[in-house]
$ cat protein24.cif   # mmCIF, C-alpha atoms and all ligand atoms
data_run
#
loop_
_atom_site.label_atom_id
_atom_site.label_comp_id
_atom_site.auth_asym_id
_atom_site.auth_seq_id
_atom_site.Cartn_x
_atom_site.Cartn_y
_atom_site.Cartn_z
CA MET A 1 47.83 138.00 -33.97
CA GLN A 2 48.62 139.38 -30.53
CA PHE A 3 52.15 139.98 -29.28
CA GLU A 4 52.65 136.77 -27.30
CA THR A 5 51.31 134.67 -30.18
CA ALA A 6 53.44 136.44 -32.79
CA ALA A 7 56.55 135.89 -30.64
CA ILE A 8 55.98 132.14 -30.87
CA HIS A 9 54.57 131.79 -34.39
CA VAL A 10 55.67 134.49 -36.83
CA GLY A 11 58.46 133.24 -39.09
CA GLN A 12 58.36 129.93 -37.23
CA ASP A 13 56.15 127.56 -39.20
CA PRO A 14 57.14 123.89 -38.78
CA GLU A 15 59.98 122.96 -41.12
CA PRO A 16 58.31 121.48 -44.23
CA THR A 17 60.59 118.49 -45.01
CA THR A 18 60.70 116.96 -41.51
CA GLY A 19 57.95 118.72 -39.56
CA ALA A 20 60.44 119.97 -36.97
CA VAL A 21 58.52 122.30 -34.65
CA ALA A 22 61.57 124.33 -33.67
CA VAL A 23 63.14 126.36 -36.47
CA PRO A 24 66.35 124.44 -37.37
CA ILE A 25 69.81 125.94 -36.97
CA PHE A 26 70.82 126.11 -40.63
CA GLN A 27 74.52 125.76 -39.86
CA THR A 28 75.77 126.11 -43.40
CA SER A 29 77.79 128.74 -45.21
CA THR A 30 76.43 128.02 -48.67
CA PHE A 31 73.41 126.53 -50.44
CA VAL A 32 73.40 124.25 -53.47
CA GLN A 33 71.87 125.76 -56.60
CA PRO A 34 69.90 123.65 -59.12
CA ARG A 35 71.15 125.65 -62.11
CA VAL A 36 73.64 128.45 -62.73
CA GLY A 37 71.95 131.68 -61.70
CA GLU A 38 68.94 129.93 -60.09
CA HIS A 39 68.60 129.22 -56.38
CA LEU A 40 65.99 128.10 -53.85
CA GLY A 41 65.94 131.41 -52.00
CA TYR A 42 69.37 131.22 -50.42
CA GLU A 43 72.84 131.40 -52.00
CA TYR A 44 75.39 132.26 -49.34
CA ALA A 45 74.93 132.65 -45.58
CA ARG A 46 76.22 136.23 -45.30
CA THR A 47 73.50 137.25 -47.76
CA GLY A 48 70.78 135.18 -46.12
CA ASN A 49 70.21 132.23 -43.82
CA PRO A 50 66.79 130.70 -43.02
CA THR A 51 67.35 130.80 -39.24
CA ARG A 52 68.14 134.51 -39.51
CA THR A 53 65.11 135.04 -41.77
CA ALA A 54 62.85 133.45 -39.13
CA LEU A 55 64.21 135.82 -36.47
CA GLN A 56 63.88 138.86 -38.73
CA GLU A 57 60.26 138.07 -39.61
CA CYS A 58 59.42 137.57 -35.94
CA LEU A 59 61.08 140.81 -34.81
CA ALA A 60 59.35 142.83 -37.54
CA ALA A 61 56.00 141.45 -36.37
CA LEU A 62 56.77 142.32 -32.75
CA GLU A 63 57.83 145.90 -33.55
CA GLY A 64 54.95 146.27 -36.02
CA THR A 65 57.32 147.21 -38.86
CA GLU A 66 57.51 146.03 -42.44
CA ALA A 67 61.11 144.86 -42.06
CA ALA A 68 63.68 143.81 -39.49
CA VAL A 69 67.34 143.32 -40.33
CA CYS A 70 69.60 141.49 -37.89
CA PHE A 71 73.27 142.15 -37.15
CA SER A 72 76.05 140.55 -35.16
CA SER A 73 75.63 142.99 -32.23
CA GLY A 74 73.59 145.99 -31.17
CA LEU A 75 76.48 148.25 -32.10
CA ALA A 76 76.68 146.69 -35.57
CA ALA A 77 72.95 147.45 -35.94
CA GLY A 78 73.57 151.08 -34.95
CA ASP A 79 76.54 151.24 -37.31
CA ALA A 80 74.34 150.10 -40.20
CA VAL A 81 71.89 152.92 -39.45
CA MET A 82 74.76 155.44 -39.47
CA ARG A 83 75.89 154.04 -42.84
CA LEU A 84 72.60 155.23 -44.33
CA LEU A 85 74.14 158.73 -43.99
CA SER A 86 76.86 160.49 -45.99
CA PRO A 87 79.79 162.74 -45.11
CA GLY A 88 78.50 166.19 -44.15
CA ASP A 89 75.33 164.81 -42.53
CA HIS A 90 74.53 165.58 -38.92
CA VAL A 91 72.92 163.63 -36.08
CA VAL A 92 71.31 164.95 -32.90
CA MET A 93 71.79 162.30 -30.23
CA ALA A 94 70.51 161.89 -26.68
CA GLY A 95 72.86 163.21 -24.03
CA ASP A 96 72.27 160.00 -22.11
CA VAL A 97 72.94 156.93 -24.25
CA TYR A 98 74.81 153.67 -23.96
CA GLY A 99 78.51 154.64 -23.79
CA GLY A 100 79.41 152.40 -26.73
CA THR A 101 76.85 154.14 -28.96
CA TRP A 102 78.43 157.52 -28.23
CA ARG A 103 81.95 156.10 -28.69
CA GLN A 104 80.94 154.83 -32.13
CA VAL A 105 79.54 158.13 -33.43
CA ASP A 106 82.25 160.18 -31.73
CA LYS A 107 85.30 158.08 -32.59
CA VAL A 108 84.31 156.21 -35.76
CA HIS A 109 81.64 158.07 -37.73
CA ARG A 110 82.98 161.54 -36.96
CA ARG A 111 86.22 160.54 -38.73
CA MET A 112 84.08 159.56 -41.73
CA GLY A 113 82.61 163.08 -41.83
CA ILE A 114 79.34 162.59 -39.92
CA GLU A 115 78.97 165.04 -37.03
CA THR A 116 76.93 164.16 -33.95
CA THR A 117 75.78 166.59 -31.27
CA ALA A 118 74.67 165.23 -27.89
CA VAL A 119 71.80 167.15 -26.23
CA ASP A 120 69.20 166.68 -23.55
CA LEU A 121 66.33 165.15 -25.50
CA THR A 122 63.90 165.74 -22.63
CA ASP A 123 64.08 169.47 -23.51
CA LEU A 124 62.45 169.95 -26.92
CA ASP A 125 63.63 173.58 -27.27
CA THR A 126 67.23 172.42 -26.84
CA VAL A 127 66.67 169.70 -29.44
CA ALA A 128 65.16 172.21 -31.89
CA GLY A 129 68.16 174.50 -31.29
CA ALA A 130 70.62 171.70 -32.10
CA ILE A 131 69.01 170.82 -35.44
CA THR A 132 70.86 172.18 -38.48
CA PRO A 133 70.01 172.02 -42.20
CA ALA A 134 72.36 168.98 -42.35
CA THR A 135 70.54 167.05 -39.59
CA ARG A 136 69.35 163.69 -40.90
CA LEU A 137 68.67 161.78 -37.70
CA ILE A 138 67.53 162.35 -34.14
CA TRP A 139 68.74 159.40 -32.07
CA ALA A 140 66.86 158.66 -28.85
CA GLU A 141 66.94 156.09 -26.07
CA SER A 142 63.87 155.84 -23.86
CA PRO A 143 64.27 154.74 -21.14
CA SER A 144 67.89 155.81 -21.49
CA ASN A 145 71.02 154.01 -20.37
CA PRO A 146 71.96 154.53 -17.55
CA LEU A 147 69.93 157.50 -16.24
CA LEU A 148 66.49 156.09 -17.15
CA GLN A 149 65.35 159.32 -18.77
CA ILE A 150 62.07 159.23 -20.66
CA VAL A 151 61.80 161.24 -23.85
CA ASP A 152 58.63 162.20 -25.69
CA LEU A 153 58.90 160.01 -28.79
CA ALA A 154 55.80 161.41 -30.53
CA ALA A 155 56.99 165.02 -30.07
CA LEU A 156 60.52 164.13 -31.19
CA SER A 157 59.29 162.38 -34.30
CA GLU A 158 57.19 165.43 -35.22
CA LEU A 159 60.19 167.69 -34.70
CA ALA A 160 62.43 165.41 -36.75
CA HIS A 161 59.92 165.23 -39.61
CA GLU A 162 59.39 169.01 -39.63
CA HIS A 163 63.10 169.31 -40.37
CA GLY A 164 63.29 166.51 -42.94
CA ALA A 165 65.10 164.23 -40.48
CA ARG A 166 64.22 160.75 -39.21
CA LEU A 167 63.78 159.55 -35.64
CA VAL A 168 65.82 156.55 -34.53
CA VAL A 169 64.86 154.96 -31.22
CA ASP A 170 67.09 152.51 -29.40
CA ASN A 171 64.33 150.40 -27.85
CA THR A 172 66.66 147.98 -26.06
CA PHE A 173 65.52 148.89 -22.52
CA ALA A 174 61.79 148.89 -23.27
CA THR A 175 61.53 146.09 -25.89
CA PRO A 176 58.56 146.04 -28.28
CA TYR A 177 56.48 144.41 -25.54
CA LEU A 178 56.54 147.62 -23.51
CA GLN A 179 56.88 150.24 -26.24
CA ARG A 180 56.45 150.35 -30.02
CA PRO A 181 58.24 153.51 -31.18
CA THR A 182 56.99 153.37 -34.79
CA GLU A 183 53.43 153.75 -33.48
CA LEU A 184 54.64 157.06 -32.02
CA GLY A 185 56.17 158.16 -35.33
CA ALA A 186 59.72 156.77 -35.12
CA ASP A 187 61.26 155.74 -38.43
CA LEU A 188 63.88 153.24 -37.28
CA VAL A 189 64.04 151.12 -34.13
CA VAL A 190 67.41 149.77 -33.02
CA HIS A 191 67.88 146.86 -30.63
CA SER A 192 70.68 145.18 -28.85
CA THR A 193 69.02 141.75 -28.96
CA THR A 194 71.79 140.69 -26.56
CA LYS A 195 69.53 142.07 -23.79
CA TYR A 196 65.84 141.38 -23.15
CA ILE A 197 65.00 140.00 -26.59
CA GLY A 198 67.57 137.19 -26.27
CA GLY A 199 66.91 137.30 -22.55
CA HIS A 200 69.33 134.65 -21.27
CA SER A 201 72.77 136.33 -21.39
CA ASP A 202 74.05 133.70 -23.82
CA THR A 203 74.40 135.51 -27.14
CA VAL A 204 75.22 138.90 -28.66
CA GLY A 205 73.14 140.40 -31.46
CA GLY A 206 71.36 143.43 -32.85
CA ALA A 207 68.47 144.40 -35.08
CA VAL A 208 66.97 147.36 -36.89
CA CYS A 209 63.20 147.42 -37.46
CA THR A 210 61.88 149.82 -40.08
CA ASP A 211 59.88 150.32 -43.30
CA ALA A 212 60.37 148.04 -46.31
CA ALA A 213 62.46 150.49 -48.40
CA THR A 214 64.86 151.28 -45.54
CA GLY A 215 64.91 147.57 -44.73
CA GLU A 216 66.19 146.90 -48.24
CA GLU A 217 68.97 149.46 -47.83
CA LEU A 218 69.92 147.83 -44.52
CA ALA A 219 69.81 144.34 -46.02
CA PHE A 220 72.18 145.61 -48.70
CA LEU A 221 74.53 146.85 -45.93
CA GLN A 222 74.11 143.59 -44.02
CA ASN A 223 75.48 141.74 -47.05
CA ALA A 224 77.91 144.39 -48.30
CA VAL A 225 79.50 145.09 -44.91
CA GLY A 226 78.99 141.63 -43.46
CA ALA A 227 78.29 142.11 -39.72
CA VAL A 228 75.76 139.25 -39.67
CA PRO A 229 74.71 137.01 -36.78
CA GLY A 230 75.62 133.34 -37.19
CA PRO A 231 72.78 130.81 -37.39
CA PHE A 232 73.24 129.60 -33.81
CA ASP A 233 73.14 133.18 -32.47
CA ALA A 234 70.00 133.85 -34.50
CA TRP A 235 68.48 130.63 -33.14
CA LEU A 236 69.30 131.44 -29.51
CA THR A 237 67.73 134.88 -29.96
CA LEU A 238 64.64 133.33 -31.55
CA ARG A 239 64.39 130.84 -28.72
CA GLY A 240 64.63 133.69 -26.22
CA VAL A 241 62.12 135.99 -27.85
CA LYS A 242 59.31 133.43 -27.58
CA THR A 243 59.01 134.20 -23.86
CA LEU A 244 59.65 137.95 -24.06
CA GLY A 245 56.15 138.92 -22.88
CA VAL A 246 56.06 136.72 -19.78
CA ARG A 247 59.63 137.62 -18.88
CA MET A 248 58.98 141.35 -19.22
CA ASP A 249 55.89 141.14 -16.97
CA ARG A 250 58.05 139.58 -14.27
CA HIS A 251 61.00 141.95 -14.81
CA CYS A 252 58.62 144.90 -14.42
CA ALA A 253 56.87 143.52 -11.33
CA ASN A 254 60.19 142.74 -9.61
CA ALA A 255 61.69 146.11 -10.54
CA ALA A 256 58.65 148.00 -9.22
CA ARG A 257 58.98 146.28 -5.81
CA ILE A 258 62.74 146.85 -5.70
CA ALA A 259 62.49 150.50 -6.73
CA THR A 260 60.01 151.18 -3.91
CA PHE A 261 62.25 149.37 -1.43
CA LEU A 262 65.33 151.33 -2.55
CA ASP A 263 63.41 154.59 -2.48
CA ASP A 264 62.80 154.04 1.26
CA HIS A 265 66.35 152.86 1.99
CA PRO A 266 68.46 155.25 4.12
CA ARG A 267 71.69 154.44 2.20
CA VAL A 268 70.15 155.33 -1.15
CA THR A 269 70.12 159.01 -2.05
CA GLU A 270 68.24 158.78 -5.35
CA VAL A 271 66.34 156.13 -7.28
CA LEU A 272 65.99 156.55 -11.03
CA TYR A 273 63.04 154.41 -12.10
CA PRO A 274 60.28 155.71 -14.36
CA GLY A 275 57.69 153.69 -12.43
CA LEU A 276 58.12 155.86 -9.34
CA PRO A 277 55.55 158.71 -9.36
CA ALA A 278 58.30 161.23 -8.47
CA HIS A 279 60.33 160.37 -11.60
CA PRO A 280 60.17 163.38 -13.99
CA GLY A 281 59.23 161.10 -16.89
CA HIS A 282 56.64 159.05 -14.98
CA ASP A 283 53.49 160.39 -16.68
CA LEU A 284 55.06 160.29 -20.12
CA ALA A 285 56.28 156.73 -19.56
CA ALA A 286 52.80 155.74 -18.40
CA ARG A 287 51.43 157.10 -21.71
CA GLN A 288 53.98 155.69 -24.14
CA MET A 289 54.90 152.41 -22.41
CA ARG A 290 52.84 149.41 -21.27
CA ASP A 291 54.88 149.16 -18.06
CA PHE A 292 58.07 150.71 -16.69
CA GLY A 293 60.70 148.06 -17.39
CA GLY A 294 63.26 146.12 -15.40
CA MET A 295 66.13 148.63 -15.21
CA ILE A 296 66.79 150.78 -12.15
CA SER A 297 69.68 153.13 -11.40
CA VAL A 298 70.46 154.36 -7.90
CA ARG A 299 72.84 156.81 -6.30
CA VAL A 300 74.20 155.69 -2.96
CA GLU A 301 75.35 157.58 0.10
CA GLY A 302 79.15 157.63 0.47
CA GLY A 303 80.29 158.27 -3.11
CA ILE A 304 82.33 155.98 -5.30
CA ASP A 305 83.74 153.87 -2.46
CA ALA A 306 80.31 153.03 -1.14
CA ALA A 307 79.07 152.34 -4.69
CA ARG A 308 81.95 149.91 -5.23
CA ARG A 309 81.24 148.17 -1.92
CA VAL A 310 77.57 147.66 -2.76
CA ALA A 311 78.36 146.41 -6.29
CA GLU A 312 80.89 143.95 -4.91
CA GLY A 313 78.71 142.97 -1.96
CA THR A 314 75.67 141.44 -3.66
CA ARG A 315 75.50 137.70 -4.22
CA LEU A 316 72.43 137.12 -6.38
CA PHE A 317 72.93 140.33 -8.35
CA PHE A 318 76.06 139.35 -10.30
CA LEU A 319 78.59 142.13 -10.80
CA ALA A 320 78.62 142.22 -14.59
CA GLU A 321 78.05 144.42 -17.62
CA SER A 322 75.01 143.91 -19.88
CA LEU A 323 71.37 143.63 -18.87
CA GLY A 324 68.04 142.10 -19.73
CA GLY A 325 68.78 138.48 -18.86
CA VAL A 326 66.77 136.28 -16.50
CA GLU A 327 69.43 136.75 -13.81
CA SER A 328 69.86 140.02 -11.90
CA LEU A 329 72.99 142.08 -12.58
CA ILE A 330 74.56 145.08 -10.88
CA GLU A 331 77.25 147.33 -12.30
CA HIS A 332 79.03 150.65 -11.85
CA PRO A 333 78.40 152.54 -15.14
CA GLY A 334 81.13 155.13 -14.53
CA ILE A 335 83.84 152.46 -14.40
CA MET A 336 82.18 149.75 -16.50
CA THR A 337 79.60 150.22 -19.29
CA HIS A 338 80.05 153.98 -19.62
CA ALA A 339 83.81 154.25 -19.04
CA SER A 340 84.16 155.37 -22.68
CA VAL A 341 82.25 158.61 -21.96
CA ALA A 342 84.37 159.64 -18.94
CA GLY A 343 85.52 163.23 -19.37
CA THR A 344 82.76 164.05 -21.90
CA THR A 345 79.41 165.77 -21.33
CA LEU A 346 77.92 162.27 -21.15
CA GLU A 347 79.91 161.34 -18.03
CA VAL A 348 77.74 159.75 -15.32
CA PRO A 349 77.93 160.31 -11.53
CA ASP A 350 80.47 158.12 -9.73
CA ASP A 351 78.02 157.12 -6.97
CA LEU A 352 75.67 155.64 -9.57
CA LEU A 353 74.87 151.93 -9.76
CA ARG A 354 72.72 150.30 -12.43
CA LEU A 355 70.59 147.28 -11.69
CA SER A 356 69.17 144.89 -14.25
CA VAL A 357 66.43 143.23 -12.23
CA GLY A 358 66.00 139.60 -13.19
CA ILE A 359 63.05 137.25 -12.82
CA GLU A 360 64.15 135.49 -9.61
CA ALA A 361 61.89 135.49 -6.53
CA VAL A 362 61.74 139.13 -5.55
CA ASP A 363 62.11 138.52 -1.79
CA ASP A 364 65.50 136.91 -2.40
CA LEU A 365 66.57 139.94 -4.46
CA LEU A 366 65.38 142.38 -1.79
CA GLU A 367 67.31 140.50 0.89
CA ASP A 368 70.45 140.50 -1.28
CA LEU A 369 70.29 144.26 -1.83
CA ASP A 370 69.47 145.02 1.79
CA ARG A 371 72.52 143.08 2.97
CA ALA A 372 74.84 144.66 0.40
CA LEU A 373 73.64 148.18 1.23
CA GLY A 374 74.45 147.46 4.87
N1 LIG B 1 72.04 149.99 -26.96
C1 LIG B 1 71.89 149.88 -25.64
C2 LIG B 1 70.81 150.66 -24.94
C3 LIG B 1 72.77 149.07 -24.91
O1 LIG B 1 72.62 148.97 -23.57
C4 LIG B 1 73.78 148.36 -25.59
C5 LIG B 1 74.74 147.49 -24.87
O2 LIG B 1 74.84 147.52 -23.66
C6 LIG B 1 73.90 148.51 -26.97
C7 LIG B 1 73.00 149.32 -27.64
C8 LIG B 1 74.97 147.81 -27.75
O3 LIG B 1 74.60 146.48 -27.93
P1 LIG B 1 75.66 145.27 -28.10
O4 LIG B 1 76.40 145.16 -26.81
O5 LIG B 1 74.77 144.12 -28.42
O6 LIG B 1 76.56 145.65 -29.23
#
$ encode --input "protein24.cif" --output "structure tokens" --more "lines below"
Ligand code: PLP
Amino acid sequence: MQFETAAIHVGQDPEPTTGAVAVPIFQTSTFVQPRVGEHLGYEYARTGNPTRTALQECLAALEGTEAAVCFSSGLAAGDAVMRLLSPGDHVVMAGDVYGGTWRQVDKVHRRMGIETTAVDLTDLDTVAGAITPATRLIWAESPSNPLLQIVDLAALSELAHEHGARLVVDNTFATPYLQRPTELGADLVVHSTTKYIGGHSDTVGGAVCTDAATGEELAFLQNAVGAVPGPFDAWLTLRGVKTLGVRMDRHCANAARIATFLDDHPRVTEVLYPGLPAHPGHDLAARQMRDFGGMISVRVEGGIDAARRVAEGTRLFFLAESLGGVESLIEHPGIMTHASVAGTTLEVPDDLLRLSVGIEAVDDLLEDLDRALG
């Protein structure tokens, strides 16, 4: 089954008792059992819920993994991956990641005895130098948030495996439609399904896609820790993912036009978009991705004040955190999504703006940006 077909069909057979074509929202906390110790596949909704099962089966098919395990947010998904480790273990993490991911490993898991070192994952010698005998994971984002760096996932997975570590890829920006990290050797794929997979800015969720044995460990954590998505959240995500392919095609086409426009704009000093031939990761992205995605970051002339003015001056691009929805968003990472890394080596420039390019008519988006840039 090809991607677009799997997005609509896998895990989503018509409901057998009524024939309902859409997977029902099984809004129940518990399931009646015919006999003590015997059940029909479900006992209690933290442990399992059929709407969540449908989403998990679909996401595993899309990432090409044996298992997918869903959580109540992208950060809860990342937390579950970190809980596969033990005190004394070490993680090598990308120097450019979502600020909340760094905050979690730095402020939560470090206290539990797991050390994380942030390095530039585009430089393989630096990565090799950061690996210690205790390193269990290399944690990558490609494209990264917010600097849109591209890292060589095949080379990183080889390096990780040489050292007995596993490669985790946060595939939120690319989605499985544009990039399938396990085909490049990654062991675990993390998603904030809040973004492109859900696609409509109406629900928060996360997922980890991986092999069957690791999937079982994560399902144990899903139940034992309890950060599960509710049935309606799982349903909204499942409804969104059906159109992931067509949405991503449009996100990519719009972003390519906008990146070229911004690249020529006198008020823009730098455009970070892997689809531009001058981007340092362009060739690599062309090899490991189907297309270049819908996220663009730009640096604007005039520093933080100018950046604020542009972010507050757009009308169609809503000033808001998050990304990956049908509507375009603009934000100032230094003050908004990445405020938690201010003062660390992960701090981002204060003239940087991040755009999540939506699927509106691109001419309207270009006009909006042109006016706001002044
Ligand atoms: N990973 C990336 C790349 C993100 O951009 C985000 C959120 O912005 C997360 C993970 C965290 O996901 P959530 O907000 O669903 O917890």
$ residues_around --input "protein24.cif" --residues "Ser297 (chain A)" --least-positions-apart "5" --cutoff "6 Å" --atoms "all atoms listed in the file" --output "number ranges by chain"
A: 272, 353-355
$ write_last_selection --input "protein24.cif" --atoms "C-alpha atoms" --output "PDB file, in the frame of the given file"
ATOM      1  CA  LEU A 272      65.990 156.550 -11.030  1.00  0.00           C
ATOM      2  CA  LEU A 353      74.870 151.930  -9.760  1.00  0.00           C
ATOM      3  CA  ARG A 354      72.720 150.300 -12.430  1.00  0.00           C
ATOM      4  CA  LEU A 355      70.590 147.280 -11.690  1.00  0.00           C
TER       5      LEU A 355
END
$ residues_near_ligand --input "protein24.cif" --ligand "ligand LIG 1 (chain B)" --cutoff "6 Å" --atoms "all atoms listed in the file" --output "number ranges by chain"
A: 73-75, 98, 145, 172, 192, 194, 204-206, 322
$ closest_residue --input "protein24.cif" --among "A:Asp211, A:Glu57, A:Asp283, A:Asp351" --to "Asp152 (chain A)" --atoms "all atoms listed in the file"
A:Asp283
$ residues_around --input "protein24.cif" --residues "His161 (chain A)" --least-positions-apart "3" --cutoff "12 Å" --atoms "all atoms listed in the file" --output "list of chain:residue names"
A:Ala128, A:Ile131, A:Thr135, A:Arg136, A:Leu137, A:Ile138, A:Ala154, A:Ala155, A:Leu156, A:Ser157, A:Glu158, A:Gly164, A:Ala165, A:Arg166, A:Leu167, A:Val168, A:Gly185, A:Ala186, A:Asp187
$ closest_residue --input "protein24.cif" --among "A:Phe3, A:Trp139, A:Phe26, A:Phe71" --to "Thr101 (chain A)" --atoms "all atoms listed in the file"
A:Trp139
